[in-house]
Each structure stands twice: as C-alpha cells, then as structure tokens.
Amino acid sequence: MVEKRAGRTACKILQNRQIADGIFEIVLQWPKILHRPIAGQFVNLYCSHKGRLLPRPISVCEIDEDKLHLVYAVLGKGTAEFTTFQAGGLIDLLGPFGNGFSLEGKPGRALLVSGGVGTPPMVELAKQLKARGWELDVVCGFRSQSYLVEQLSRYGTVHIATDSGTEGFSGNVIELLDHEALSGDTLFACGPGPMLKGVQTWAKAKGIPAQLSLEERMGCGFGACVGCVTKIITDNESGFIYKKVCKDGPVFPAAEVLFQ
Amino acid sequence: MVEKRAGRTACKILQNRQIADGIFEIVLQWPKILHRPIAGQFVNLYCSHKGRLLPRPISVCEIDEDKLHLVYAVLGKGTAEFTTFQAGGLIDLLGPFGNGFSLEGKPGRALLVSGGVGTPPMVELAKQLKARGWELDVVCGFRSQSYLVEQLSRYGTVHIATDSGTEGFSGNVIELLDHEALSGDTLFACGPGPMLKGVQTWAKAKGIPAQLSLEERMGCGFGACVGCVTKIITDNESGFIYKKVCKDGPVFPAAEVLFQ
Amino acid sequence: MKLAVNIAGVELKNPVMTASGTFGSGRDFEPWIDLNRLGCVVVKGVAATPWAGNPPPRIVETWGGMINSVGLQNPGVEYFIAEDIPWLRQFDTRICVNIVGRTVSEYVAVAERLAGEDVDLLELNISCPNIKEGGVAFGVQAEAAAAVTSAVKKVARQPLIVKLSPNVSDITEIARAVEGAGADGISLINTLLGSRIDIWKRKFILSMKHGGLSGPAIKPIAVRMVWQVAQAVKLPVIGMGGIMTGEDAIEFILAGATAIAVGTASLLNPEATMQVLEGVESYMRETGVEDIADLVGIVK
Amino acid sequence: MKLAVNIAGVELKNPVMTASGTFGSGRDFEPWIDLNRLGCVVVKGVAATPWAGNPPPRIVETWGGMINSVGLQNPGVEYFIAEDIPWLRQFDTRICVNIVGRTVSEYVAVAERLAGEDVDLLELNISCPNIKEGGVAFGVQAEAAAAVTSAVKKVARQPLIVKLSPNVSDITEIARAVEGAGADGISLINTLLGSRIDIWKRKFILSMKHGGLSGPAIKPIAVRMVWQVAQAVKLPVIGMGGIMTGEDAIEFILAGATAIAVGTASLLNPEATMQVLEGVESYMRETGVEDIADLVGIVK
Ligand SMILES: Cc1cc2nc3c(=O)[nH]c(=O)nc-3n(C[C@H](O)[C@H](O)[C@H](O)COP(=O)(O)OP(=O)(O)OC[C@H]3O[C@@H](n4cnc5c(N)ncnc54)[C@H](O)[C@@H]3O)c2cc1C
Ligand SMILES: Cc1cc2nc3c(=O)[nH]c(=O)nc-3n(C[C@H](O)[C@H](O)[C@H](O)COP(=O)(O)OP(=O)(O)OC[C@H]3O[C@@H](n4cnc5c(N)ncnc54)[C@H](O)[C@@H]3O)c2cc1C
Ligand SMILES: Cc1cc2nc3c(=O)[nH]c(=O)nc-3n(C[C@H](O)[C@H](O)[C@H](O)COP(=O)(O)O)c2cc1C
Ligand SMILES: Cc1cc2nc3c(=O)[nH]c(=O)nc-3n(C[C@H](O)[C@H](O)[C@H](O)COP(=O)(O)O)c2cc1C
Ligand code: FES
Ligand code: FES
C-alpha cells in the first residue's frame, strides 16, 4: 500500500508580488495535509479561468516551516492570470511532485547553474546543500535583469550573466563558467533546453557529474497521461526510451538525457 | 443611425444577500454609460466560470438614481455561482434589453400578477404605475415563502398565495384572483409558463387587456441568434410565427401569445 | 500595413467576416459597432421561401460553447432583397448571402433570385445540422455536395463559397468534391452535432434533441480541418469555429484561412468582431507583418 | 440502492470505469483513491510489442479540454501480463485491457496472448487518432471496423468491447458494423482530431501536428453519439467524453450508457472517479432511484 496523499487543495495566498520584469513571487500557506516538498520538486497550480484546465507546474523555490515560495515568469495566459491573484485569496494546488535533486554523496564543492526561471529551484537546493556542508558557486543567466540573487548569496557565491550585459557578465552561463574557470565535484542545472544541452556538454568535458532539471508540457503532473516525456539514452534500437519528466524527473542525470 | 450603446461592462456589486430560501438580491452600481432601464426590461449577467459563457437574463427589479436592484433565484450552476460574488467585486453586464411593459393609457385600476421569480419585475412596474396615478392590486404566488412584499406594498395592495399555504392564500394566483374577486382595467403578469397561460385565459374571460412577460433560454439577449423565440398568433398557415423574447418581448400582449 | 484580402476576386478590406446566423443582417449590432469596419457581413441563412424554424428551446449552454437548433428560421429571399440588401448597402462592407435549402432546386432558386441583386458573395450552407429535411446530408456525402455545388454554380452570378460540415470522416474528400464541382471558395467549419440532457427532467433540453455545437470548445477541431482543407485544395478558405480573439483568428490564418469569421463570440459580446480585428492588427504590428497575405497558410 | 451493472456478462460493482490512457494501470492513482471502489479499471492501450510513442510535445491545452498525441506509448503485452495484471488483481475491481495495433494481426496477437490471462474484458481501440500507422483507419470505415472486430473476436476469450472514433460521418453505421461482426459491447467516444498552432513560433504545438481532443469541451458530441448508438444497436454501451461530475455521468446513462468512463477529469484531479461515483449515488438518492439500470437509456 502506498502512502495516501491529499488531493487538490485550495491554498491561501500570503503574498503575490512582482520581483522583476514579468517575474512574480507568490508565497503560499503550506497546508499540513500536504507532503513537505524537497528541492527540485514542483507543484501544480491551477487557473480560475475554467477554459484553462491543465496544471501549471511551478518549481519549489523555497520552503519555510509552513510557507511555500514560488517564483514564476509571465509566459502565457495562465501565468498572466496568476498575477491577478490577491494575497488573502486561494489558489488550487496539487503536489508536490517529481523526484527532486539527489543530495547524496560526500560534501564538496557544488556548481549550481541556472537560466531564467530555472533559477527559483536553486534557492531551496542551495539552502539544503549548504546545510549538508557543501561549498557553492551559483551561476545564473538572465536575459537582462537578475532576481533571487540576495536569497542565493546566503548560501554561496553568486555569479551573474546577462544576455544584454546589463548586469554581471555579458554572455551565457557556459561562457561565464569558462570565463571564471569555475569547477566543482558535482553540478546541478535548471533552465531552458539549449542551456541544459550546453551544460551537459560542458560538464562531460570537465568530467563533472551533473543533474539536469527538465521542463515539458504536462497533462497531469503525476505520471498518468504519459504526456511529459523526454528522451533518455538507452541501449536499444532507437538509442532512447521516453521517460516522464513529471515522475521519473524532472531531475535526470545529465549523462542520461538525449537532447536533439 | 441608431444610438450607440456601451458594451459589456463590469459593474460594481454593492450588495448581494439572501432574501428568502434560494432567493438573492444583488444591488449594482449603475454605470452612467449604460442606458437607464425601464420596467419589464432585463439585463444579461455573465458568469466568471469560463465554461459558462451564455448570458443569464435577469429582470430589472428596481432602479434607483444610480443603483440597479435585481432579484434572482438559484436555479442552476450559473445563479449558484452568482451567490458567491461579494460586495465590492465586479460582475459583467450587458443591457438593458427588451421592450419593457407598456404604461400607456389613462390611469385606472391595474392588476399585477406574478409567480415566483416573476415577482421582481413587478416592483419597478408598480412604482412607475403608481407614479402615473394607477391604483394597484399586486397578486403574487410563491411556493412557500414570499419576498419583495414590503417593497410592493409601497405602491399597492399586495395579495399573497403560496402553494404550501404557509403564507397568505393557499393555492395559485388564479384561484386567489377569483377568491378575492379582484378585477381591473389592465393586467400585467410575469411568471412561469403554466401560470401565464392561466392568466391569459382568466384575463380573456374577464375581458381585461393583459401584458405577459415571457422567459426563454437565450443565446445573446439582443436579437442576434434567434434562439429565444415564442409562438405569436398570426393569420398564416400554421397559425403562428416565432418572435424573439429578447427583442420583440419579453412583454407581449396576452392575446397574441400562443401557449401549447 | 495591408489588411485587405481577396476571396475569389472579391476584395475585403480586412479578413474579418461575420459567421452566418450569429449576426442577423447586422442590424442588432449597429448600436455597438461600426459596420463599415467589417471585411464582410455574412448574413443569416436565406431560403427561397420563409422558414418558421424549430420550436424552442433552441439554445443550450455547454462547457466553452453552446448548442443551437434555430432551424434556419428566416423570412425568405424576397424579404431579404427588399429589406436587408438596401440596409446593408449603407455601409462600406461586403455582403455575403448564406443560402439554405432542403433540395437542390431550393438552393438553386435562391441563387437564381440573387443573380441580379447587389450582393458580393454567396455561401452555400450544405452543413446545417438543424433541419430534418436534409441540408446536412449534402454536407456529409461527397457526391451530394458536388451535385448541389455544380447546380448552384450554373445559375450563380456571384462567386460561390461552399460551407462544409465538420461532421464527416474526411473533410478533404468533401472539399475536393466541391472544388471539382466549381466552388470558388470554401468556408468551414459549421457546427458539430451535439446534445444535452436535463437530468432532472430526464429529457433533451433542445426541442429537436440535437443541435449545432459552436464556440471556443470546437476551435481545435476547426483549426485542424482548416489546415487539412487548405492543404487539399487550391481554393481560398474562410476559417471559423470558436474564434474569440485576434490571436485565435491568426491561428486560423496561419493554418491556411484567407479570411476568418466570428460567430458565437458576437453573441457573447456584440463588439467581438472589432476586438478580433484590433487583435489581428496588433499581432501584425508586434511581429512586423506588412501584409496579412504573408501569414496565410505558412504553417505546414 | 443497486449500483452494479452488467456489461456483456461481466458484473461491475458500479458503472464507473476509467478511460483508457488516462489512468495508466492505476498505480499513479493509488495515493489518492481506493481502487476497490472502481467498477472497472480500463488500462492504457496495450500492443503486441513495446511502442515508443510520439516525440514531445504531446500535450496542449484548449478551451475546456486538451489535445494529446501520446501515440500509445506502452511497454507491450508481455510486460503488462507480468507486471500489471498481478498488481491490479490486488484490488476487487474489474480489469479491461485496451488493445491497440497497427494491423489486424497485431490486434489479434494481443487478444490471443491475453486469452489465458486473468482479465475480465477486452476493449478494441480502433479509434486512436495519434498514430500514423492507421489505428484510426479501422475506426472510420465500417468494413475495416467489422474486419478487425471479427478477427479479434475469433481468438478472444473475454467479452470484446469495441471503442469507436467520433471522427466519422455516421457513428451508427460503424456501431452496427461492429455489432454485426460479433462485438459484445461498444464504448465511445475516443478523442476528436484537433490541433493548435503557436502563433508566436508559427508552428504546431504538438510534434505530430494533430492530436486527440478530450475533456468537457467534447461532452455534447459524446452524449449525442452515445444516444445515437444506443438507439442503433442492442449491445451495451460504455459512454465517455468530458465526464467531470456525477451529473455528467447521469447524462450519459440517461442517453443509453450502461457504464461510463472518466478520462481527462482524472488527469485534472486524481480523485475524479470517486467524485463521479459519489455524484451518481447522490443523484440516485435525491431522485429515489433504486437501481441504476432503471436510468439506462430512458431518454428517447
Ligand atoms: C517541472 C517544471 C517546473 C517549472 N517551474 C517553473 C518555475 O519555477 N517558474 C516558472 O516561471 N516556470 C516554471 N515552469 C514553466 C511553467 O510551467 C510554464 O511557464 C507555465 O506552465 C506556462 O503557463 P502559461 O499558462 O502562462 O502559458 P501558456 O503557453 O498559455 O500555457 C498553455 C499550456 O502549456 C503549458 N506550458 C506552456 N509553456 C510551458 C513550459 N515551458 N513548461 C511546461 N508547460 C508549459 C502550460 O502549463 C499550459 O498547460 C516549470 C515547468 C516544469 C515542467
Ligand atoms: C427575460 C428574462 C428575465 C428573467 N428574469 C429573472 C429574474 O428577475 N430573476 C430570476 O431569478 N430569474 C430570471 N430569469 C430566469 C433566469 O434567467 C434563469 O433562472 C437563469 O438564467 C438560470 O441560470 P443558471 O445558470 O442558474 O441555470 P442553468 O440551468 O445552469 O443554466 C444553463 C443555461 O440555461 C439558461 N436557462 C436556464 N433556465 C432558464 C430560464 N428559466 N430562463 C432563461 N434561461 C434559462 C441559462 O441562462 C444558461 O444559459 C429571467 C429569464 C428571462 C428570459
Ligand atoms: C445561433 C447560430 C445560428 C447559426 N446559423 C447559421 C446559418 O444560418 N447558416 C450557416 O451556414 N451557419 C450557421 N451557424 C454556424 C456559424 O456560422 C458557424 O459556422 C459556427 O457557429 C462556428 O463558428 P463559431 O464557433 O465562431 O460560432 C449558426 C451558428 C449559431 C451559433
Ligand atoms: C492522455 C490520453 C491518452 C489516451 N490514451 C488512450 C488509449 O491508449 N486508448 C484509448 O482507447 N483511448 C485513449 N484515450 C482516450 C480516452 O480513453 C477517452 O476516450 C477520451 O479521452 C474521451 O474521454 P475524456 O473526455 O473523459 O477524456 C486517451 C486520452 C487521453 C487524454
Ligand atoms: S504530466 Fe502526465 S505523465 Fe507527466
Ligand atoms: S437571445 Fe438571441 S435572439 Fe433572443
């Protein structure tokens, strides 16, 4: 018998404010009936607009005693709707889901590499790693404006790259990694596909074991629809099998992910 | 060129409270950009639930200087949703629509006959008639619990019938009309189909000219979809033509309505 | 920015049309919109003689849509010619007449009667699911669709658009059939046959049991069919089905529609056509599109 | 109150089934619901050999629905027999295996392999729009539907339900064809073919362009088809398409469904099947229905 879980739960919104251009932080009262999430997991948020029924998966940014911090970018209609939600109101949530980052192994030096809204999950991850005695370099790429840097600085050295060059290093995170000659015993990354592909190549070249957190469009978030798949390298005819980002992931060993 | 009208308008909700079992009064701030409604007209209210797109037509109950009073019964999912709307919030509205009651003619004695949620439009009607010098008998039928009686009493004598006999006369409005031997120079009625059919017969027998306000499911409310029709007696092969309740009505001369 | 489009030789000032049966002949919308700004008014189905339509209830709501069984109530072509053409001609917009019939000869009669009249386009409605007599039968069989198309084409003096039913196994088969029979354009989709039951009264809500499903719920089916038809024929395609916004309209245009029609959205908001037009314009501005024609069917 | 229903000789403790492909083999739902309370678990499509499925994106949202192009990814019948049957047999519920194939012989192979296995029902999926190879072709042609049905029927040891595609001109024609070919029951509807275009990237969102539309948006089409099929054949009908609540389920039952299946709703809320079951029960209580069978198909 598997452990029972609470279903869709209306969570109280404690705060919902813009923290950068088109980037919002929403803080939810975390109900005790829900499992406590770990770094790298995500929750499903649901719209009020009953034309939009599918979940919006959002990564755990930080979890306090009883507060869940999420940071979301306004990408489409659903996240735009979330910006209208007011503190004091409710938002429907299911989760947490996903495997989360693996924090096993003897503490050493860790590289955390993120791009855009791949940055939020780095906060809880950094916090957990530091608590386990790791030393951290956090390398974050943004289009032009950084966020969450203050939180991340609590746990390690933050290195910023922007495409526009308006903040920190002008260029992408791979270039910054090289430019600052950063290295480590392990690497964690989250961000857009092309960036992760770059990280995969970079880490392989350096011989650093890496974990990548992937994104895919989801129908359920808990393994039922087989909608959210990604190619995982396998020794078969086609060279891969499809695994579910929501349940087998979102975090995969970098060496196993087959990018196109 | 026809007069321009304002489109769908989010109106401020000033009050939304239960006034009887399953019956709510909602008071809206009436925006100046909208036409001022007359007795017998209705407005389209819209749900927030974006699965429910069609209008909910609700009759004008009373219009003050800048406040519109509506009274609605919780019938299905849409009106149930309306009960959750809070004062201070907004509700989408289009209108007012329909022809309204005709108040022409020399003042005399008027009979107002209503059943259930056919009662709300009687309030503004009674107010207008009284202002024009009419004497009124208002005959209202309810299942078991009356509402709006206080408002109506301001303008005329109110006679109540309930199916259950818990208030006033035990029976229907036609029985009550006969029981109290009421009469008048003109009659206005609003209520469920079977009641209106009874009123039609009754008024015809007494030779009292009558106006009936009808209900039908609506796609638009302003004449475009030809969805909301009712049979109007015509001298053709079939004996009727379909007219639109939303635009040609909702008020029709009783003599013209063909009930099945 | 060029918004004008050409449908079978008729220039529309912009690609925004009204969907037949959701706009009457436009009178009901005059309080809200400037009809001069419409690319084309497609009027409610016109028959050779007045049609009474179906008994109420004719309308029922569904999730993200509605079902109607109006049954093509209309006052007939003579009334239309006498009243609606002069009224519509006050405005600088195109007129497209949606033609309905129960038999081939009834369709032909309307087209014939309109031959000398001042209208710009004809739209052959072989797809309305709301009449028992058969309109829809023409729309679901390729031979029947071709037969009525070529019969009407013989007498028509205006370009002939044929409006297809989505209630078919293979929409491209019907599209090719009407292309072969001489159609000058294709419009789609008409409504999908659907129904709702009142579980408390234990009967169908609509008097006719079934009716035509429209609204945003059906948009994905419409986009798919418009794309398929645009791939299958050379004719201009007019796309519709659930368009609520300019972005929806762009989706149809990218799928292959030269023009689009706004239906149910106009019932829910009488200003919908204008909002769609403005949405199309702002998409073009934002993405730097000079000519709307550059978007038509570019998604393959 | 009697909730048990009989489908082709198999008693289900209640009429609530899961829709194939939206419930896996049930494992993903165990944290939320008690599988013992389900009338029947219909498992995800099972093929003779493992299928990889389509590349992502496989899912896109639409108004009141979703489109999927999973492409029947599944680990094959051997895996299913080894892993899923024993797991499901822990629970007191019926097992129905959804069978998929590219050719008649592939369908036959699965049914043959399952002949000696401990499952209660087979559901022949001749209607999935998500594979190029043709599954759907069986579902839109009466002769092909009949051919695969009778071929599978020859080897099947469990009652055979045939699942129909809604993407057809006349659903009753296909229903009668599979009835004639020996089907023991009919389930419908599978998804409607639809697509969505990303107007900013100017390409289809799904890697396969089109996919299957499901969810509340399609319910009116499903109700209509279930009613039509229930009128046309004597077989028990399993109804599905957009069921979100007990009231929706009752609508299908009144239209003629002996049992119903919950699909997309389970993805949006893992407890949906239980809520539907409770909704059915409370409708029966409120309206004083003793036996669910008394509701089946009473709306004519
Ligand atoms: C595991 C995971 C964790 C994520 N964590 C974060 C986070 O912490 N912060 C953040 O801003 N974003 C995050 N995302 C991306 C976020 O889910 C999408 O930006 C969001 O769903 C877009 O919704 P929308 O309605 O605004 O966009 P629309 O494009 O209108 O959405 C339409 C549909 O597509 C889906 N969709 C669109 N883009 C994406 C995408 N990139 N990934 C997944 N689904 C998508 C939506 O969920 C919805 O079902 C995460 C995604 C995944 C898979
Ligand atoms: C001109 C007019 C004036 C009305 N005035 C009032 C009033 O003042 N107070 C009041 O309580 N009710 C009034 N009604 C009835 C009211 O519109 C319906 O009760 C309401 O629309 C039901 O919505 P629902 O979502 O709760 O019901 P549902 O059954 O869930 O609604 C589903 C759909 O059916 C339509 N519908 C269902 N029942 C009716 C009905 N009886 N009449 C019209 N449409 C219906 C709804 O508008 C909606 O589109 C009026 C109706 C009309 C036509
Ligand atoms: C109330 C109503 C009446 C309609 N009448 C007609 C008609 O007379 N002729 C026709 O070809 N289509 C008719 N249609 C179909 C529409 O023109 C359009 O094809 C369909 O509704 C899909 O578009 P939409 O989803 O934008 O409404 C009607 C649709 C509705 C909703
Ligand atoms: C993600 C997904 C996967 C599906 N896979 C299958 C399948 O493997 N076999 C099948 O017969 N139907 C499959 N279907 C169709 C459903 O079983 C059902 O017929 C359809 O979704 C309509 O019901 P709904 O609207 O309740 O989802 C799938 C549907 C979805 C949404
Ligand atoms: S989102 Fe449904 S399986 Fe991953
Ligand atoms: S509701 Fe559309 S014409 Fe009356």
# chains A, B, ... in the order shown; residues from 1 in each chain; ligands from 1
>>> interface_residues(of="chain C", to="chain B", cutoff="8 Å", atoms="only C-alpha atoms", output="count of residues only")
32
>>> residues_near_ligand(ligand="ligand 2", cutoff="6 Å", atoms="only C-alpha atoms and all ligand atoms", output="list in words")
Phe42, Leu54, Pro55, Arg56, Pro57, Ile58, Ser59, Val71, Tyr72, Ala73, Val74, Leu75, Gly76, Lys77, Gly78, Thr79, Ala80, Val117, Pro120, Glu215, Glu216, Arg217, Met218 and Pro250 of chain B; Val60 and Glu61 of chain C
>>> closest_residue(among="B:Ile63, B:Leu148, B:Ala210, B:Val43", to="ligand 6", atoms="only C-alpha atoms and all ligand atoms")
B:Val43
>>> residues_near_ligand(ligand="ligand 3", cutoff="6 Å", atoms="only C-alpha atoms and all ligand atoms", output="PyMOL selection string")
(chain B and resi 225) or (chain C and resi 19-22+44-45+68+72+98+125+189-191+214-215+240-243+262-264)
>>> interface_residues(of="chain D", to="chain C", cutoff="9 Å", atoms="only C-alpha atoms", output="VMD selection string")
chain D and resid 62 to 65 67 140 to 141 166 to 170 192 to 200 202 to 204 209 to 210 213 216 to 225 247 to 248 250 to 252 254 to 255 287 298 to 300
>>> select_by_dssp(residues="segment 35-169 of chain B", states="helix (DSSP H, G or I)", output="PDB file with C-alpha atoms, in the first residue's frame")
ATOM      1  CA  LYS B  77     -24.953  26.405 -11.758  1.00  0.00           C
ATOM      2  CA  GLY B  78     -24.793  29.987 -13.011  1.00  0.00           C
ATOM      3  CA  THR B  79     -27.098  31.533 -10.464  1.00  0.00           C
ATOM      4  CA  ALA B  80     -25.391  29.392  -7.804  1.00  0.00           C
ATOM      5  CA  GLU B  81     -22.128  30.995  -8.865  1.00  0.00           C
ATOM      6  CA  PHE B  82     -23.647  34.470  -8.530  1.00  0.00           C
ATOM      7  CA  GLY B 116     -42.023  33.045  -8.144  1.00  0.00           C
ATOM      8  CA  VAL B 117     -39.176  34.966  -9.736  1.00  0.00           C
ATOM      9  CA  GLY B 118     -41.716  36.659 -11.955  1.00  0.00           C
ATOM     10  CA  PRO B 120     -39.057  41.050  -9.161  1.00  0.00           C
ATOM     11  CA  PRO B 121     -40.096  42.988 -12.294  1.00  0.00           C
ATOM     12  CA  MET B 122     -43.363  43.912 -10.570  1.00  0.00           C
ATOM     13  CA  VAL B 123     -41.520  46.224  -8.206  1.00  0.00           C
ATOM     14  CA  GLU B 124     -40.313  48.775 -10.741  1.00  0.00           C
ATOM     15  CA  LEU B 125     -43.571  48.342 -12.663  1.00  0.00           C
ATOM     16  CA  ALA B 126     -45.658  49.079  -9.574  1.00  0.00           C
ATOM     17  CA  LYS B 127     -43.521  52.091  -8.769  1.00  0.00           C
ATOM     18  CA  GLN B 128     -43.942  53.506 -12.272  1.00  0.00           C
ATOM     19  CA  LEU B 129     -47.654  52.813 -12.429  1.00  0.00           C
ATOM     20  CA  LYS B 130     -48.287  54.419  -9.073  1.00  0.00           C
ATOM     21  CA  ALA B 131     -46.301  57.471 -10.155  1.00  0.00           C
ATOM     22  CA  VAL B 149     -43.734  42.118  -0.370  1.00  0.00           C
ATOM     23  CA  GLU B 150     -42.580  45.106   1.642  1.00  0.00           C
ATOM     24  CA  GLN B 151     -41.358  46.907  -1.476  1.00  0.00           C
ATOM     25  CA  LEU B 152     -44.541  46.123  -3.364  1.00  0.00           C
ATOM     26  CA  SER B 153     -46.791  47.285  -0.522  1.00  0.00           C
TER      27      SER B 153
END
>>> atom_distance(atom1="atom CA of Ile208 of chain B", atom2="atom CA of Met195 of chain B")
16.4 Å
>>> atom_distance(atom1="atom CA of Gly39 of chain D", atom2="atom CA of Gly116 of chain D")
22.3 Å
>>> residues_around(residues="segment 159-170 of chain A", least_positions_apart="4", cutoff="8 Å", atoms="only C-alpha atoms", output="ChimeraX atom specification")
/A:137-146,176
>>> closest_residue(among="B:Leu187, B:Ala87, B:Ala181, B:Ala255", to="Leu111 of chain B", atoms="only C-alpha atoms")
B:Leu187
>>> select_by_dssp(residues="segment 77-170 of chain A", states="strand (DSSP E)", output="PyMOL selection string")
chain A and resi 90-97+109-115+135-142+157-162+169-170
>>> closest_residue(among="A:Leu214, A:Leu177, A:Leu14, A:Ile232", to="ligand 1", atoms="only C-alpha atoms and all ligand atoms")
A:Leu214
>>> closest_residue(among="A:Gln18, A:Thr9, A:Ser48, A:Ser213", to="chain B", atoms="only C-alpha atoms")
A:Ser48
>>> residues_around(residues="Val110 of chain C", least_positions_apart="4", cutoff="12 Å", atoms="only C-alpha atoms", output="tab-separated table (two decimals) with C-alpha atoms, in the first residue's frame")
chain	number	residue	atom	x	y	z
C	45	GLY	CA	-29.24	31.66	-43.92
C	46	VAL	CA	-31.71	32.77	-46.60
C	47	ALA	CA	-34.16	30.32	-48.15
C	48	ALA	CA	-36.38	30.54	-51.20
C	49	THR	CA	-39.44	30.97	-49.00
C	50	PRO	CA	-39.87	31.96	-45.35
C	76	GLY	CA	-37.08	34.22	-47.20
C	77	VAL	CA	-35.17	35.68	-50.11
C	78	GLU	CA	-37.81	38.22	-51.18
C	79	TYR	CA	-37.80	39.84	-47.79
C	80	PHE	CA	-34.03	39.75	-47.76
C	81	ILE	CA	-33.81	41.52	-51.09
C	97	VAL	CA	-25.52	35.66	-48.57
C	98	ASN	CA	-25.71	32.31	-46.83
C	99	ILE	CA	-28.06	30.15	-48.87
C	100	VAL	CA	-30.08	27.33	-47.35
C	101	GLY	CA	-32.39	24.80	-48.89
C	102	ARG	CA	-33.99	21.43	-48.45
C	103	THR	CA	-33.48	20.29	-52.01
C	104	VAL	CA	-31.10	21.15	-54.80
C	105	SER	CA	-33.80	23.14	-56.54
C	106	GLU	CA	-34.46	25.22	-53.44
C	114	LEU	CA	-30.00	36.75	-56.20
C	115	ALA	CA	-28.31	36.70	-59.60
C	116	GLY	CA	-29.34	40.24	-60.48
C	117	GLU	CA	-29.06	41.58	-56.94
C	122	LEU	CA	-22.80	33.57	-52.00
C	123	GLU	CA	-22.18	30.99	-49.30
C	124	LEU	CA	-23.80	27.63	-49.84
C	125	ASN	CA	-24.76	26.17	-46.48
C	151	ALA	CA	-26.23	23.06	-59.82
C	152	VAL	CA	-25.98	26.34	-57.92
C	153	LYS	CA	-22.79	27.32	-59.72
C	155	VAL	CA	-27.05	29.93	-62.03
C	156	ALA	CA	-24.91	31.92	-59.64
C	157	ARG	CA	-23.68	35.33	-60.76
>>> closest_residue(among="B:Gly98, B:Asp66, B:Ile233, B:Leu182", to="ligand 6", atoms="only C-alpha atoms and all ligand atoms")
B:Gly98
